[in-house]
file input.cif (mmCIF, C-alpha atoms)
data_upload
loop_
_atom_site.label_atom_id
_atom_site.label_comp_id
_atom_site.auth_asym_id
_atom_site.auth_seq_id
_atom_site.Cartn_x
_atom_site.Cartn_y
_atom_site.Cartn_z
CA MET R 63 122.55 77.86 133.51
CA ASP R 64 125.39 78.25 131.04
CA PHE R 65 122.91 77.69 128.22
CA ILE R 66 120.68 80.53 129.45
CA HIS R 67 123.70 82.78 129.91
CA ASN R 68 124.81 82.12 126.33
CA LEU R 69 121.39 83.16 125.07
CA LEU R 70 121.54 86.56 126.79
CA PRO R 71 122.72 88.47 123.67
CA LEU R 72 119.76 87.06 121.73
CA PHE R 73 117.31 88.02 124.49
CA LYS R 74 118.73 91.54 124.57
CA ILE R 75 118.29 92.02 120.82
CA LEU R 76 114.76 90.58 120.91
CA PHE R 77 113.80 92.84 123.80
CA VAL R 78 115.16 95.89 121.97
CA PHE R 79 113.10 95.07 118.87
CA ILE R 80 110.01 94.42 120.98
CA CYS R 81 110.45 97.87 122.51
CA MET R 82 110.79 99.45 119.07
CA LEU R 83 107.75 97.62 117.71
CA ALA R 84 105.74 98.61 120.78
CA GLY R 85 106.70 102.24 120.25
CA ILE R 86 105.67 102.08 116.59
CA ARG R 87 102.42 100.29 117.46
CA LEU R 88 101.63 102.92 120.11
CA ARG R 89 102.20 105.60 117.45
CA LEU R 90 105.17 107.21 119.20
CA GLY R 91 106.75 107.62 115.76
CA VAL R 92 109.34 105.54 113.95
CA GLY R 93 112.26 107.86 114.76
CA PRO R 94 111.61 108.09 118.52
CA SER R 95 110.93 104.33 118.68
CA ILE R 96 114.27 103.49 117.02
CA LEU R 97 116.09 106.02 119.22
CA ALA R 98 114.45 104.52 122.31
CA GLY R 99 115.58 101.08 121.13
CA GLY R 100 119.14 102.37 121.03
CA GLY R 101 118.78 103.69 124.58
CA VAL R 102 117.39 100.38 125.83
CA LEU R 103 120.25 98.53 124.11
CA ALA R 104 122.81 100.82 125.77
CA VAL R 105 121.30 100.12 129.20
CA LEU R 106 121.13 96.35 128.63
CA THR R 107 124.78 96.21 127.56
CA SER R 108 125.97 98.49 130.40
CA MET R 109 127.30 101.22 128.14
CA LYS R 110 128.36 104.30 130.10
CA MET R 111 126.52 107.56 129.46
CA GLY R 112 129.73 109.21 128.28
CA GLU R 113 130.27 106.48 125.71
CA VAL R 114 126.67 106.71 124.50
CA LEU R 115 126.98 110.48 124.06
CA GLU R 116 130.32 110.09 122.27
CA VAL R 117 128.91 107.47 119.88
CA SER R 118 125.77 109.55 119.26
CA GLY R 119 127.82 112.67 118.60
CA ALA R 120 130.00 110.81 116.11
CA ALA R 121 126.86 109.55 114.33
CA LEU R 122 125.41 113.07 114.10
CA THR R 123 128.57 114.52 112.57
CA ASP R 124 129.28 111.60 110.23
CA ASP R 125 129.35 112.50 106.52
CA LYS R 126 126.85 109.76 105.66
CA THR R 127 124.30 111.02 108.19
CA ILE R 128 124.56 114.60 106.92
CA PHE R 129 124.45 113.66 103.23
CA LEU R 130 121.53 111.28 103.67
CA ALA R 131 119.50 113.83 105.66
CA LEU R 132 120.19 116.37 102.90
CA ILE R 133 119.20 113.90 100.15
CA VAL R 134 115.93 112.99 101.87
CA ALA R 135 115.16 116.68 102.41
CA LEU R 136 115.70 117.45 98.72
CA ILE R 137 113.60 114.47 97.63
CA MET R 138 110.71 115.63 99.80
CA ILE R 139 111.06 119.19 98.49
CA LEU R 140 111.03 117.95 94.88
CA SER R 141 108.03 115.67 95.47
CA GLY R 142 106.18 118.45 97.30
CA LEU R 143 106.87 120.95 94.53
CA LEU R 144 105.65 118.60 91.80
CA GLU R 145 102.52 117.81 93.79
CA LYS R 146 101.56 121.28 95.04
CA THR R 147 102.33 123.17 91.81
CA GLY R 148 100.27 120.71 89.79
CA GLN R 149 103.25 119.67 87.69
CA ALA R 150 102.77 116.01 88.64
CA GLY R 151 99.23 116.21 87.28
CA ARG R 152 100.49 117.86 84.10
CA ILE R 153 103.02 115.04 83.63
CA MET R 154 100.18 112.54 83.76
CA ASP R 155 97.94 114.59 81.45
CA SER R 156 100.73 114.76 78.88
CA LEU R 157 101.00 110.97 78.87
CA THR R 158 97.32 110.03 78.50
CA GLY R 159 97.51 110.11 74.70
CA TYR R 160 99.94 107.19 74.76
CA LEU R 161 97.54 104.93 76.68
CA ARG R 162 95.22 102.79 74.53
CA SER R 163 94.73 99.59 76.55
CA PRO R 164 92.10 99.81 79.36
CA ARG R 165 94.30 97.69 81.65
CA LEU R 166 97.29 99.90 80.92
CA ARG R 167 95.23 102.96 81.81
CA LEU R 168 94.36 101.43 85.17
CA VAL R 169 97.94 100.62 86.19
CA PHE R 170 99.81 103.45 84.52
CA PHE R 171 98.87 106.32 86.81
CA PRO R 172 99.63 104.60 90.13
CA ALA R 173 102.88 103.32 88.59
CA LEU R 174 103.74 106.86 87.48
CA ILE R 175 102.93 108.31 90.90
CA GLY R 176 105.20 105.60 92.30
CA LEU R 177 108.13 107.49 90.79
CA LEU R 178 107.45 110.24 93.34
CA PRO R 179 108.39 108.95 96.81
CA MET R 180 105.69 110.83 98.68
CA PRO R 181 104.12 109.31 101.84
CA GLY R 182 100.52 108.33 101.17
CA GLY R 183 101.03 108.87 97.44
CA ALA R 184 98.37 106.28 96.60
CA ILE R 185 95.67 108.83 97.48
CA PHE R 186 97.12 111.01 94.70
CA SER R 187 96.60 108.30 92.07
CA ALA R 188 93.25 107.04 93.40
CA PRO R 189 91.18 109.72 91.60
CA MET R 190 93.03 108.87 88.36
CA ILE R 191 92.17 105.17 88.79
CA GLN R 192 88.55 106.24 89.28
CA GLU R 193 88.64 108.27 86.08
CA ALA R 194 90.42 105.53 84.12
CA ALA R 195 87.82 102.99 85.29
CA ASN R 196 84.85 105.03 84.02
CA GLY R 197 82.82 102.85 81.66
CA LEU R 198 84.74 99.74 82.69
CA ASP R 199 83.47 96.79 84.71
CA VAL R 200 85.88 97.16 87.66
CA SER R 201 84.81 96.66 91.28
CA GLY R 202 85.82 98.97 94.12
CA ARG R 203 87.99 96.23 95.64
CA ASP R 204 89.84 95.77 92.33
CA LYS R 205 90.45 99.52 92.15
CA VAL R 206 91.91 99.43 95.68
CA VAL R 207 94.36 96.58 95.10
CA ILE R 208 95.43 97.83 91.64
CA ASN R 209 96.06 101.33 92.95
CA TYR R 210 97.89 100.06 96.04
CA TRP R 211 100.04 97.39 94.40
CA PHE R 212 101.11 99.26 91.28
CA ARG R 213 101.80 102.44 93.26
CA HIS R 214 104.70 100.53 94.92
CA LEU R 215 106.19 98.77 91.88
CA TRP R 216 109.43 100.71 91.80
CA GLU R 217 110.38 100.87 95.46
CA LEU R 218 113.10 98.20 95.10
CA ALA R 219 114.57 99.76 91.96
CA TRP R 220 114.11 103.54 92.08
CA PRO R 221 117.02 105.67 93.37
CA LEU R 222 114.80 108.45 94.74
CA TYR R 223 113.30 106.31 97.50
CA PRO R 224 114.82 107.27 100.89
CA GLY R 225 114.63 103.62 102.05
CA MET R 226 116.83 102.51 99.15
CA ILE R 227 119.31 105.32 99.73
CA LEU R 228 119.48 104.53 103.45
CA ALA R 229 119.95 100.79 102.81
CA ALA R 230 122.71 101.45 100.27
CA SER R 231 124.43 103.82 102.68
CA LEU R 232 124.29 101.31 105.55
CA CYS R 233 125.78 98.64 103.24
CA GLY R 234 128.56 100.98 102.09
CA MET R 235 127.41 100.95 98.44
CA SER R 236 126.32 103.61 95.99
CA VAL R 237 122.57 103.62 95.46
CA PHE R 238 122.99 102.49 91.83
CA GLU R 239 125.26 99.62 92.85
CA TYR R 240 122.67 98.56 95.42
CA ILE R 241 119.82 98.78 92.90
CA GLY R 242 121.89 96.54 90.64
CA TYR R 243 121.12 93.79 93.16
CA THR R 244 117.55 94.70 94.17
CA PHE R 245 115.93 95.65 90.83
CA PRO R 246 114.57 92.10 90.18
CA GLY R 247 112.17 92.88 93.04
CA SER R 248 110.37 95.39 90.83
CA LEU R 249 110.18 92.88 87.99
CA ALA R 250 108.70 90.37 90.45
CA CYS R 251 106.12 92.96 91.58
CA ILE R 252 105.07 93.57 87.96
CA VAL R 253 104.66 89.83 87.29
CA LEU R 254 102.77 89.24 90.54
CA GLY R 255 100.56 92.28 89.97
CA CYS R 256 99.64 91.18 86.45
CA PHE R 257 98.95 87.61 87.58
CA PHE R 258 96.89 88.37 90.69
CA TYR R 259 95.10 91.55 89.61
CA LEU R 260 95.03 92.01 85.82
CA ARG R 261 94.67 88.66 84.09
CA PRO R 262 91.26 88.20 82.38
CA SER R 263 90.04 85.51 84.80
CA VAL R 264 90.33 87.88 87.80
CA LEU R 265 89.56 91.16 85.98
CA PRO R 266 87.19 90.31 83.08
CA MET R 267 86.40 93.94 82.10
CA LYS R 268 83.62 92.89 79.74
CA ASN R 269 82.75 96.52 79.10
CA ASN R 270 85.79 98.09 77.41
CA GLY R 271 84.45 101.61 77.20
CA SER R 272 86.95 104.43 76.83
CA ALA R 273 88.07 106.31 79.91
CA PHE R 274 89.33 109.29 77.87
CA ASN R 275 87.79 111.29 75.10
CA ASP R 276 89.50 111.86 71.76
CA SER R 277 90.88 115.26 72.75
CA ALA R 278 92.79 113.60 75.58
CA ASN R 279 94.38 111.13 73.18
CA VAL R 280 96.68 113.70 71.56
CA ARG R 281 100.31 112.62 71.67
CA ASP R 282 102.82 115.38 72.36
CA PHE R 283 106.30 114.12 73.23
CA GLY R 284 107.58 117.68 73.62
CA LYS R 285 105.06 118.30 76.39
CA VAL R 286 106.02 115.03 78.09
CA LEU R 287 109.68 116.06 78.01
CA LYS R 288 108.95 119.58 79.26
CA GLU R 289 106.77 118.54 82.19
CA GLY R 290 108.88 115.51 83.12
CA LEU R 291 112.21 117.38 83.03
CA PRO R 292 112.69 117.56 86.84
CA LEU R 293 112.38 113.78 87.15
CA ILE R 294 114.67 113.22 84.17
CA VAL R 295 117.28 115.59 85.61
CA ALA R 296 117.11 113.91 89.04
CA ILE R 297 117.66 110.39 87.71
CA VAL R 298 120.07 111.01 84.83
CA GLY R 299 121.92 113.67 86.82
CA ALA R 300 122.41 111.40 89.84
CA PHE R 301 123.88 108.65 87.67
CA LEU R 302 126.06 111.09 85.71
CA PHE R 303 127.39 112.98 88.73
CA GLU R 304 128.09 109.76 90.64
CA THR R 305 130.03 108.38 87.69
CA LEU R 306 132.05 111.56 87.17
CA LEU R 307 132.88 111.90 90.87
CA SER R 308 133.97 108.27 91.22
CA PHE R 309 136.15 108.58 88.11
CA PHE R 310 137.77 112.01 88.61
CA PHE R 311 137.42 112.53 92.40
CA PRO R 312 137.30 109.08 94.06
CA GLY R 313 137.87 110.58 97.51
CA ILE R 314 134.62 112.57 97.43
CA PRO R 315 131.50 110.79 98.81
CA PHE R 316 129.21 109.54 96.02
CA GLU R 317 126.20 111.05 97.82
CA LEU R 318 127.36 114.48 96.67
CA GLY R 319 126.42 113.51 93.12
CA ILE R 320 122.84 112.75 94.19
CA VAL R 321 122.65 116.05 96.08
CA LEU R 322 123.77 118.00 93.00
CA ALA R 323 121.27 116.20 90.76
CA LEU R 324 118.39 116.80 93.16
CA LEU R 325 119.31 120.48 93.51
CA ALA R 326 119.24 120.77 89.70
CA ALA R 327 115.85 119.01 89.61
CA VAL R 328 114.41 121.37 92.23
CA LEU R 329 115.69 124.35 90.21
CA CYS R 330 114.01 122.91 87.09
CA SER R 331 110.71 122.70 88.93
CA LEU R 332 111.09 126.22 90.32
CA THR R 333 111.82 127.55 86.84
CA ALA R 334 108.78 125.79 85.37
CA ASN R 335 106.51 127.01 88.20
CA HIS R 336 107.17 130.69 88.84
CA GLY R 337 106.37 131.99 92.32
CA SER R 338 106.65 128.60 94.01
CA MET R 339 109.34 129.52 96.56
CA PRO R 340 106.69 129.91 99.31
CA ILE R 341 105.83 126.24 98.75
CA ILE R 342 109.40 125.27 99.65
CA ARG R 343 109.29 127.40 102.80
CA ALA R 344 106.04 125.73 103.83
CA LEU R 345 107.45 122.25 103.09
CA LEU R 346 110.49 122.88 105.29
CA LEU R 347 108.22 123.59 108.26
CA GLU R 348 105.87 120.62 107.75
CA LYS R 349 105.77 118.09 110.59
CA ARG R 350 106.12 115.25 108.07
CA PHE R 351 109.33 116.77 106.69
CA LEU R 352 110.89 117.30 110.13
CA ASN R 353 109.89 113.78 111.25
CA MET R 354 111.58 112.24 108.21
CA ILE R 355 114.88 114.05 108.88
CA PHE R 356 114.72 113.12 112.56
CA MET R 357 114.13 109.48 111.59
CA ILE R 358 117.32 109.42 109.50
CA ILE R 359 119.34 110.79 112.45
CA CYS R 360 117.82 108.21 114.82
CA VAL R 361 118.68 105.34 112.48
CA PHE R 362 122.36 106.29 112.36
CA VAL R 363 122.55 106.81 116.12
CA PHE R 364 121.00 103.35 116.64
CA LYS R 365 123.39 101.81 114.10
CA ASP R 366 126.46 103.21 115.89
CA ILE R 367 125.21 102.18 119.36
CA LEU R 368 124.55 98.69 118.00
CA GLY R 369 128.12 98.53 116.70
CA ALA R 370 129.73 99.95 119.83
CA CYS R 371 127.93 97.88 122.48
CA GLY R 372 129.41 94.55 121.28
CA VAL R 373 126.14 92.61 121.24
CA VAL R 374 126.44 91.87 117.51
CA ASP R 375 129.77 90.09 118.02
CA GLU R 376 128.30 88.11 120.93
CA LEU R 377 125.25 87.15 118.87
CA ALA R 378 127.40 86.04 115.93
CA ARG R 379 129.50 83.79 118.19
CA LEU R 380 126.38 82.38 119.85
CA ALA R 381 124.55 81.44 116.66
CA GLY R 382 127.49 80.45 114.52
CA GLY R 383 126.89 83.34 112.12
CA GLU R 384 124.27 82.21 109.64
CA THR R 385 121.52 81.21 112.11
CA ALA R 386 121.48 84.71 113.59
CA LEU R 387 121.68 86.19 110.09
CA ILE R 388 118.59 84.33 108.90
CA ALA R 389 116.57 85.68 111.82
CA ALA R 390 117.94 89.20 111.28
CA ALA R 391 117.44 89.21 107.50
CA VAL R 392 114.05 87.43 107.29
CA PHE R 393 111.94 87.67 110.43
CA VAL R 394 113.02 91.03 111.86
CA PRO R 395 112.49 93.11 108.67
CA PHE R 396 109.21 91.34 107.82
CA LEU R 397 107.85 91.89 111.34
CA VAL R 398 108.95 95.54 111.55
CA GLY R 399 107.62 96.21 108.05
CA PHE R 400 104.30 94.53 108.86
CA ILE R 401 103.86 96.47 112.12
CA ALA R 402 105.07 99.87 110.83
CA GLY R 403 104.08 99.77 107.16
CA ILE R 404 107.09 102.02 106.41
CA THR R 405 110.23 101.09 104.46
CA LEU R 406 112.53 103.34 106.48
CA ALA R 407 111.37 101.61 109.66
CA PHE R 408 112.50 98.10 108.71
CA VAL R 409 115.64 99.35 106.95
CA GLY R 410 116.64 101.40 109.97
CA ALA R 411 115.88 98.64 112.46
CA ALA R 412 117.08 95.51 110.62
CA MET R 413 119.78 96.52 108.13
CA PRO R 414 122.35 97.67 110.73
CA LEU R 415 121.94 94.32 112.48
CA VAL R 416 122.33 92.38 109.22
CA VAL R 417 125.43 94.34 108.19
CA GLY R 418 126.95 93.96 111.68
CA LEU R 419 126.34 90.19 111.74
CA VAL R 420 127.76 89.75 108.24
CA GLN R 421 130.93 91.58 109.23
CA ALA R 422 131.22 89.75 112.55
CA ALA R 423 130.87 86.39 110.77
CA GLY R 424 133.53 87.33 108.20
CA LEU R 425 131.05 87.03 105.32
CA GLN R 426 131.59 90.45 103.74
CA HIS R 427 131.61 88.91 100.26
CA GLN R 428 128.03 87.73 100.91
CA LEU R 429 126.75 91.14 102.07
CA PRO R 430 124.78 91.89 98.84
CA ALA R 431 122.87 88.61 99.14
CA TRP R 432 121.96 89.15 102.80
CA ALA R 433 121.08 92.81 102.21
CA VAL R 434 118.79 91.82 99.32
CA LEU R 435 117.11 89.16 101.47
CA CYS R 436 116.50 91.76 104.19
CA MET R 437 115.06 94.19 101.63
CA PHE R 438 112.71 91.68 100.00
CA CYS R 439 111.39 90.38 103.33
CA GLY R 440 110.90 93.84 104.79
CA PHE R 441 109.19 95.11 101.63
CA ALA R 442 106.90 92.06 101.63
CA GLY R 443 106.05 92.95 105.23
CA ILE R 444 105.07 96.54 104.45
CA MET R 445 103.00 95.43 101.43
CA ALA R 446 101.13 92.91 103.60
CA SER R 447 100.67 95.44 106.39
CA PRO R 448 97.10 96.60 107.05
CA LEU R 449 98.68 99.66 108.70
CA HIS R 450 100.32 100.85 105.47
CA ILE R 451 99.09 104.41 105.02
CA CYS R 452 98.63 104.00 101.25
CA PHE R 453 96.44 100.94 101.81
CA LEU R 454 94.32 102.67 104.44
CA LEU R 455 93.87 105.82 102.34
CA THR R 456 92.94 103.86 99.21
CA CYS R 457 90.34 101.76 101.06
CA GLU R 458 88.87 104.93 102.52
CA TYR R 459 88.77 106.69 99.13
CA PHE R 460 86.93 103.86 97.36
CA LYS R 461 84.79 103.06 100.45
CA VAL R 462 85.88 99.40 100.42
CA ASP R 463 86.01 97.08 103.44
CA MET R 464 89.64 96.92 104.52
CA VAL R 465 89.61 93.22 105.42
CA GLU R 466 88.22 92.21 102.01
CA ALA R 467 90.87 94.22 100.18
CA TRP R 468 93.63 93.03 102.51
CA LYS R 469 92.86 89.38 101.67
CA LYS R 470 93.82 90.10 98.06
CA VAL R 471 97.13 91.67 99.07
CA VAL R 472 98.52 89.11 101.53
CA ILE R 473 99.21 86.20 99.15
CA PRO R 474 101.10 88.27 96.51
CA SER R 475 103.14 89.82 99.33
CA LEU R 476 104.10 86.41 100.72
CA MET R 477 104.92 85.24 97.18
CA LEU R 478 107.26 88.22 96.85
CA MET R 479 108.98 87.15 100.07
CA LEU R 480 109.44 83.59 98.76
CA LEU R 481 110.87 84.93 95.50
CA GLY R 482 113.29 87.01 97.57
CA VAL R 483 114.46 83.90 99.41
CA ALA R 484 114.97 82.09 96.09
CA TYR R 485 116.88 85.08 94.68
CA PHE R 486 119.03 85.11 97.83
CA PHE R 487 120.24 81.57 97.10
CA VAL R 488 120.96 82.58 93.51
CA LEU R 489 123.14 85.47 94.73
CA LEU R 490 124.96 83.18 97.19
#
call {"tool": "encode", "arguments": {"input": "input.cif", "output": "structure tokens"}}
result
Amino acid sequence: MDFIHNLLPLFKILFVFICMLAGIRLRLGVGPSILAGGGVLAVLTSMKMGEVLEVSGAALTDDKTIFLALIVALIMILSGLLEKTGQAGRIMDSLTGYLRSPRLRLVFFPALIGLLPMPGGAIFSAPMIQEAANGLDVSGRDKVVINYWFRHLWELAWPLYPGMILAASLCGMSVFEYIGYTFPGSLACIVLGCFFYLRPSVLPMKNNGSAFNDSANVRDFGKVLKEGLPLIVAIVGAFLFETLLSFFFPGIPFELGIVLALLAAVLCSLTANHGSMPIIRALLLEKRFLNMIFMIICVFVFKDILGACGVVDELARLAGGETALIAAAVFVPFLVGFIAGITLAFVGAAMPLVVGLVQAAGLQHQLPAWAVLCMFCGFAGIMASPLHICFLLTCEYFKVDMVEAWKKVVIPSLMLMLLGVAYFFVLL
């Protein structure tokens, strides 16, 4: 009986995650599912309603919650502006003259679109893959996996992805400090993508016809710079503002630097696309936009309930620290990522648990290693997920059987997870 009693904290956590996964699977939405998980956890740990409301109120008014919601809003506005004004297409047109290799043409456009963290962005690059593959011996299934895989190359190394910003915030790091640990994930994705999808034995491409005519092969660096200025301002500005704030005003949250850079990038796009203010107004009222902001709020409410209810401390004592951490950093993020197919879902569900267990076990110096392990495993889960919206949209666009395409995605995804485990031991 004592043994069963000691396992109660574990059962509570497992039940909470089952509830969240069920909500996601039943399409209740990631935000509501995570918020419901927090409510279930509060009931299971006998938290009083007053305490739950107090914790939730503190989460809503916390600087990190407000800044992160603002950052995600600005990222979605910037991505929407570039997409709906056609500037994203102009960026790609300006770069076609620099592409000579047929394989490079195939991977370049999804990789470029990957710099814009838009949900379902793979459908944006699918027509470009189709165009780049004209005259080449490339099957529909190969087009699907190339578009899907290379669209997500940068997610572990690009500071505009909301999942990365949320993970960094939950770990108490700046986004650039966090990327300093996770960027090998993108290198691993490039290597795995080239090995599984581009090498001559799997993509012979016997017909090397040109996908672009000579007029499209004009190189104009000035045009590239002009059209790509919003992205350049967002990235360089975020790094510059963060550095200046940390040096001259260390008491000011680093997130302010990202906000300023994104505001400057949005202004650049507005200046380059006159009369586009109505687009911003429409974006602010989109259901997708409102759902994303709500999801951020739900994650922080769940994180604070998880910390206040005491179950993390109980779980750490039960499992001796590292056993519970392995489950939290490997299986939970992979499972949530696989079920939801969304980075924010596994980061919001698993990262607070990982951070709480690390702190409860007194292993703060190992936090980067555990956070990286969580990120790699969760990202492997979303890449292997047949529910990933980019995967579904790409299969539909190229009219390819989903199961056949999925078979080519699973093994590279699992390889990425194994590389993450190996990298974890290197960091330790």
call {"tool": "resolve_selection", "arguments": {"input": "input.cif", "expression": "the PyMOL selection byres ((chain R and resi 425-433) around 8)", "output": "list in words"}}
result
Cys233, Tyr240, Tyr243, Leu387, Ala391, Met413, Val416, Val417, Val420, Gln421, Ala422, Ala423, Gly424, Val434, Leu435, Cys436, Met437, Phe486, Phe487, Leu489 and Leu490 of chain R
call {"tool": "resolve_selection", "arguments": {"input": "input.cif", "expression": "the PyMOL selection byres ((chain R and resi 299) around 9)", "output": "PyMOL selection string"}}
result
chain R and resi 294-298+300-304+319-320+322-324+326-327
call {"tool": "closest_residue", "arguments": {"input": "input.cif", "among": "R:Leu293, R:Ser163, R:Leu265, R:Phe73", "to": "R:Leu178", "atoms": "all atoms listed in the file"}}
result
R:Leu293
call {"tool": "residues_around", "arguments": {"input": "input.cif", "residues": "R:Leu90", "least_positions_apart": "6", "cutoff": "12 Å", "atoms": "all atoms listed in the file", "output": "JSON, numbers by chain"}}
result
{"R": [81, 82, 83, 84, 96, 97, 98, 353, 357, 402]}
call {"tool": "axis_aligned_box", "arguments": {"input": "input.cif", "around": "stretch 327-330 of chain R", "padding_each_side": "3 Å", "output": "lines of an AutoDock Vina configuration file"}}
result
center_x = 114.9
center_y = 121.7
center_z = 89.7
size_x = 7.8
size_y = 11.3
size_z = 11.1
call {"tool": "resolve_selection", "arguments": {"input": "input.cif", "expression": "the PyMOL selection byres ((chain R and resi 441) around 9)", "output": "VMD selection string"}}
result
chain R and resid 217 to 218 395 to 396 399 to 400 403 to 405 408 436 to 440 442 to 446 475 478 to 479
call {"tool": "closest_residue", "arguments": {"input": "input.cif", "among": "R:Ile153, R:Val392, R:Val206, R:Val264", "to": "R:Asp282", "atoms": "all atoms listed in the file"}}
result
R:Ile153
call {"tool": "atom_distance", "arguments": {"input": "input.cif", "atom1": "atom CA of R:Arg87", "atom2": "atom CA of R:Ile451"}}
result
13.5 Å
call {"tool": "residues_around", "arguments": {"input": "input.cif", "residues": "R:Val207", "least_positions_apart": "5", "cutoff": "10 Å", "atoms": "all atoms listed in the file", "output": "PyMOL selection string"}}
result
chain R and resi 202+212-213+255+258-259+453+456-457+467-471
call {"tool": "atom_distance", "arguments": {"input": "input.cif", "atom1": "atom CA of R:Gly99", "atom2": "atom CA of R:Pro448"}}
result
23.7 Å
call {"tool": "closest_residue", "arguments": {"input": "input.cif", "among": "R:Ser156, R:Thr127, R:Thr244, R:Ser338", "to": "R:Ile355", "atoms": "only C-alpha atoms"}}
result
R:Thr127
